Amino acid sequence: MSTAWGYAVAPSDGSPLFYESWGERGQTTPVLLCDGIGCDGYVWRHLRHDLGERYCIHPHYRGHGRTAPPRDPARVTMEDLADDVACVLDDALVDRAVLIGHSMGVQVALETYRRHPTRVAGLVLLCGASSHLLRTFRGSAALEGWLPTIQKWIHRVPGVINRVTRTVLPTRLAYEVASRLEIRRELIEPGDFMPYLEGMARIDARLFVAMLSAAGHHSADDLLPEVTVPTLVVSGGRDGFTPPDRSRAIAAAVPNAEMLEIPNASHTAPIEHPHLVNFTVRDFLARRIDGPTETTSQDPQPS
């Protein structure tokens, strides 16, 4: 599968926006992948190959992966990221796409639908929340309360913080900590998760907490009953970052939304249960986006 690279230019502040694309144009509705905060594609490791020849676009957020930090450091809100999605679609010459979002990418996808509804053909919302991301993190609002203090300390000694994160995060020790706090280590290989830690280590801590704060303040709850495009919601029953109640609330509020809840899955469900997630997404796209097709496949059961 050959991959093309490109750069769009954000009209808001002139920041260059990296994106990659692959697949065949014109056969089916394109897909655009919206990462979670701190991510530049690790969670799509299996899904990107399972989508076959469908034309796919994967942008890197401001200050993530191959996209440089924004020229205006304040331009990291969900509204800015949604406008960036539309800008990338313009540059890729795509009129409409299905937005597949993971974690914070759920908020980005919903905000894109609010601001650019004609560009969105459908929504696939994985392990995310529609509002106030920090209020239910690990079952409490403690992170929301602590974040202003964390931001203050990071801005006092950003160089020190960045050096520490670049040393500590991309290590097996960090993987071991993550496996005890969230990810299901019996379901995920270190090689699937280490790219996340390596990507996180490269992000400026000031940008990360600014974007996290923006996600914490953002809400698309009011938008959910007005969504008219086909929508699929996927959650992990053991997701401690965005508990399944958040996904259930989205599915209940969006008219005719479909939902898959995987009992034995955490926040990284797409790489813990790739067969089930990939089948569900592919089936949804075939039925609700591309039109009805005959299938003899049996739905796999959650493990």
# chains A, B, ... in the order shown; residues from 1 in each chain; ligands from 1

call {"tool": "residues_around", "arguments": {"residues": "range 250-262 of chain A", "least_positions_apart": "6", "cutoff": "6 Å", "atoms": "only C-alpha atoms", "output": "list in words"}}
result
Leu224, Pro225, Thr231, Leu232, Val233, Val234, Ser235, Gly236, Gly237 and Pro302 of chain A

call {"tool": "write_last_selection", "arguments": {"atoms": "C-alpha atoms", "output": "short mmCIF file (atom, residue, chain, number, x, y, z; two decimals), in the first residue's frame"}}
result
data_model
loop_
_atom_site.label_atom_id
_atom_site.label_comp_id
_atom_site.auth_asym_id
_atom_site.auth_seq_id
_atom_site.Cartn_x
_atom_site.Cartn_y
_atom_site.Cartn_z
CA LEU A 224 -25.50 15.30 19.52
CA PRO A 225 -29.31 15.35 18.98
CA THR A 231 -22.84 7.26 13.47
CA LEU A 232 -21.08 4.34 15.12
CA VAL A 233 -19.88 4.48 18.74
CA VAL A 234 -17.33 2.00 20.11
CA SER A 235 -16.31 1.77 23.77
CA GLY A 236 -14.19 -0.36 26.05
CA GLY A 237 -15.91 -1.76 29.10
CA PRO A 302 -16.57 -9.81 22.20
#

call {"tool": "residues_around", "arguments": {"residues": "Gly65 in chain A", "least_positions_apart": "5", "cutoff": "12 Å", "atoms": "only C-alpha atoms", "output": "mmCIF file with C-alpha atoms, in the first residue's frame"}}
result
data_model
loop_
_atom_site.group_PDB
_atom_site.id
_atom_site.type_symbol
_atom_site.label_atom_id
_atom_site.label_comp_id
_atom_site.auth_asym_id
_atom_site.auth_seq_id
_atom_site.Cartn_x
_atom_site.Cartn_y
_atom_site.Cartn_z
ATOM 1 C CA LEU A 17 -0.343 20.764 8.592
ATOM 2 C CA PHE A 18 1.160 17.407 7.656
ATOM 3 C CA TYR A 19 -1.077 14.601 6.417
ATOM 4 C CA GLU A 20 -0.619 11.219 4.798
ATOM 5 C CA ASP A 35 -6.057 10.867 16.668
ATOM 6 C CA ILE A 37 -4.080 13.858 22.119
ATOM 7 C CA GLY A 38 -0.382 13.017 22.031
ATOM 8 C CA CYS A 39 -0.889 10.505 19.208
ATOM 9 C CA ASP A 40 0.265 10.427 15.611
ATOM 10 C CA GLY A 41 -1.293 7.222 14.370
ATOM 11 C CA TYR A 42 -0.337 4.353 16.673
ATOM 12 C CA HIS A 58 -4.489 10.810 8.357
ATOM 13 C CA PRO A 59 -3.469 14.307 9.499
ATOM 14 C CA HIS A 60 -1.053 15.006 12.335
ATOM 15 C CA PRO A 195 5.047 4.211 19.200
ATOM 16 C CA TYR A 196 2.574 6.108 21.388
ATOM 17 C CA LEU A 197 5.166 6.663 24.120
ATOM 18 C CA GLU A 198 7.782 7.652 21.546
ATOM 19 C CA GLY A 199 5.403 10.149 19.946
ATOM 20 C CA MET A 200 4.384 11.589 23.309
ATOM 21 C CA ALA A 201 8.043 12.112 24.200
ATOM 22 C CA ARG A 202 8.528 14.400 21.197
ATOM 23 C CA ILE A 203 5.647 16.760 22.034
ATOM 24 C CA ASP A 204 6.354 20.032 23.825
#

call {"tool": "residues_around", "arguments": {"residues": "range 120-129 of chain A", "least_positions_apart": "5", "cutoff": "6 Å", "atoms": "only C-alpha atoms", "output": "list in words"}}
result
Arg96, Ala97, Val98, Leu99, Ile100, Gly101, His102, Ser103, Val106, Val229, Pro230, Thr231, Leu232, Val233, Val234, Ser235, Thr242, Arg246 and His267 of chain A

call {"tool": "select_by_dssp", "arguments": {"residues": "range 30-278 of chain A", "states": "strand (DSSP E)", "output": "PyMOL selection string"}}
result
chain A and resi 31-34+56-59+97-102+120-126+231-236+258-262

call {"tool": "write_last_selection", "arguments": {"atoms": "N, CA and C atoms", "output": "CSV table (one decimal), in the first residue's frame"}}
result
chain,number,residue,atom,x,y,z
A,31,VAL,N,-12.2,8.2,4.1
A,31,VAL,CA,-12.1,8.2,5.6
A,31,VAL,C,-11.0,9.1,6.0
A,32,LEU,N,-11.2,9.9,7.1
A,32,LEU,CA,-10.2,10.7,7.7
A,32,LEU,C,-10.1,10.3,9.2
A,33,LEU,N,-8.9,10.0,9.6
A,33,LEU,CA,-8.6,9.5,11.0
A,33,LEU,C,-8.2,10.6,11.9
A,34,CYS,N,-8.9,10.8,13.0
A,34,CYS,CA,-8.6,11.8,14.0
A,34,CYS,C,-8.0,11.2,15.3
A,56,CYS,N,-7.9,6.9,2.3
A,56,CYS,CA,-7.8,7.3,3.7
A,56,CYS,C,-6.9,8.5,3.9
A,57,ILE,N,-7.2,9.3,4.8
A,57,ILE,CA,-6.4,10.5,5.1
A,57,ILE,C,-6.1,10.5,6.6
A,58,HIS,N,-4.9,10.8,7.0
A,58,HIS,CA,-4.5,10.8,8.4
A,58,HIS,C,-3.6,12.1,8.6
A,59,PRO,N,-4.3,13.1,9.2
A,59,PRO,CA,-3.5,14.3,9.5
A,59,PRO,C,-2.8,14.2,10.9
A,97,ALA,N,-16.0,13.2,3.9
A,97,ALA,CA,-15.3,12.0,4.4
A,97,ALA,C,-16.0,11.5,5.6
A,98,VAL,N,-15.8,10.2,5.9
A,98,VAL,CA,-16.2,9.7,7.2
A,98,VAL,C,-15.1,10.0,8.2
A,99,LEU,N,-15.4,10.6,9.3
A,99,LEU,CA,-14.4,10.9,10.3
A,99,LEU,C,-14.4,9.8,11.4
A,100,ILE,N,-13.2,9.2,11.6
A,100,ILE,CA,-13.1,8.2,12.6
A,100,ILE,C,-12.2,8.8,13.6
A,101,GLY,N,-12.7,9.0,14.8
A,101,GLY,CA,-12.0,9.6,15.9
A,101,GLY,C,-11.8,8.7,17.1
A,102,HIS,N,-10.6,8.8,17.7
A,102,HIS,CA,-10.3,8.0,18.9
A,102,HIS,C,-9.9,9.0,20.0
A,120,VAL,N,-18.8,16.2,6.3
A,120,VAL,CA,-18.8,15.0,7.1
A,120,VAL,C,-19.9,14.0,6.5
A,121,ALA,N,-19.5,12.8,6.1
A,121,ALA,CA,-20.4,11.8,5.6
A,121,ALA,C,-20.9,10.8,6.6
A,122,GLY,N,-20.1,10.7,7.7
A,122,GLY,CA,-20.4,9.8,8.8
A,122,GLY,C,-19.4,10.0,9.9
A,123,LEU,N,-19.8,9.4,11.1
A,123,LEU,CA,-18.9,9.5,12.3
A,123,LEU,C,-18.7,8.1,12.9
A,124,VAL,N,-17.4,7.8,13.2
A,124,VAL,CA,-17.1,6.6,13.9
A,124,VAL,C,-16.3,7.1,15.2
A,125,LEU,N,-16.9,6.9,16.3
A,125,LEU,CA,-16.4,7.6,17.6
A,125,LEU,C,-15.9,6.5,18.5
A,126,LEU,N,-14.6,6.4,18.7
A,126,LEU,CA,-14.0,5.3,19.4
A,126,LEU,C,-13.5,5.7,20.8
A,231,THR,N,-23.8,7.2,12.4
A,231,THR,CA,-22.8,7.3,13.5
A,231,THR,C,-22.7,5.9,14.1
A,232,LEU,N,-21.4,5.5,14.4
A,232,LEU,CA,-21.1,4.3,15.1
A,232,LEU,C,-20.3,4.7,16.3
A,233,VAL,N,-20.6,4.2,17.5
A,233,VAL,CA,-19.9,4.5,18.7
A,233,VAL,C,-19.3,3.2,19.2
A,234,VAL,N,-18.0,3.2,19.6
A,234,VAL,CA,-17.3,2.0,20.1
A,234,VAL,C,-16.7,2.4,21.4
A,235,SER,N,-16.9,1.5,22.4
A,235,SER,CA,-16.3,1.8,23.8
A,235,SER,C,-15.7,0.5,24.3
A,236,GLY,N,-14.8,0.7,25.3
A,236,GLY,CA,-14.2,-0.4,26.0
A,236,GLY,C,-14.8,-0.4,27.4
A,258,GLU,N,-25.4,3.6,16.2
A,258,GLU,CA,-25.1,2.2,16.5
A,258,GLU,C,-24.0,2.2,17.6
A,259,MET,N,-23.9,1.1,18.4
A,259,MET,CA,-22.9,1.1,19.4
A,259,MET,C,-22.4,-0.3,19.6
A,260,LEU,N,-21.1,-0.4,19.8
A,260,LEU,CA,-20.4,-1.6,20.2
A,260,LEU,C,-19.7,-1.4,21.5
A,261,GLU,N,-20.0,-2.1,22.5
A,261,GLU,CA,-19.2,-2.0,23.8
A,261,GLU,C,-18.4,-3.4,24.0
A,262,ILE,N,-17.1,-3.3,24.1
A,262,ILE,CA,-16.3,-4.5,24.2
A,262,ILE,C,-15.9,-4.6,25.7

call {"tool": "atom_distance", "arguments": {"atom1": "CA of Arg115 in chain A", "atom2": "CA of Ser213 in chain A"}}
result
20.4 Å
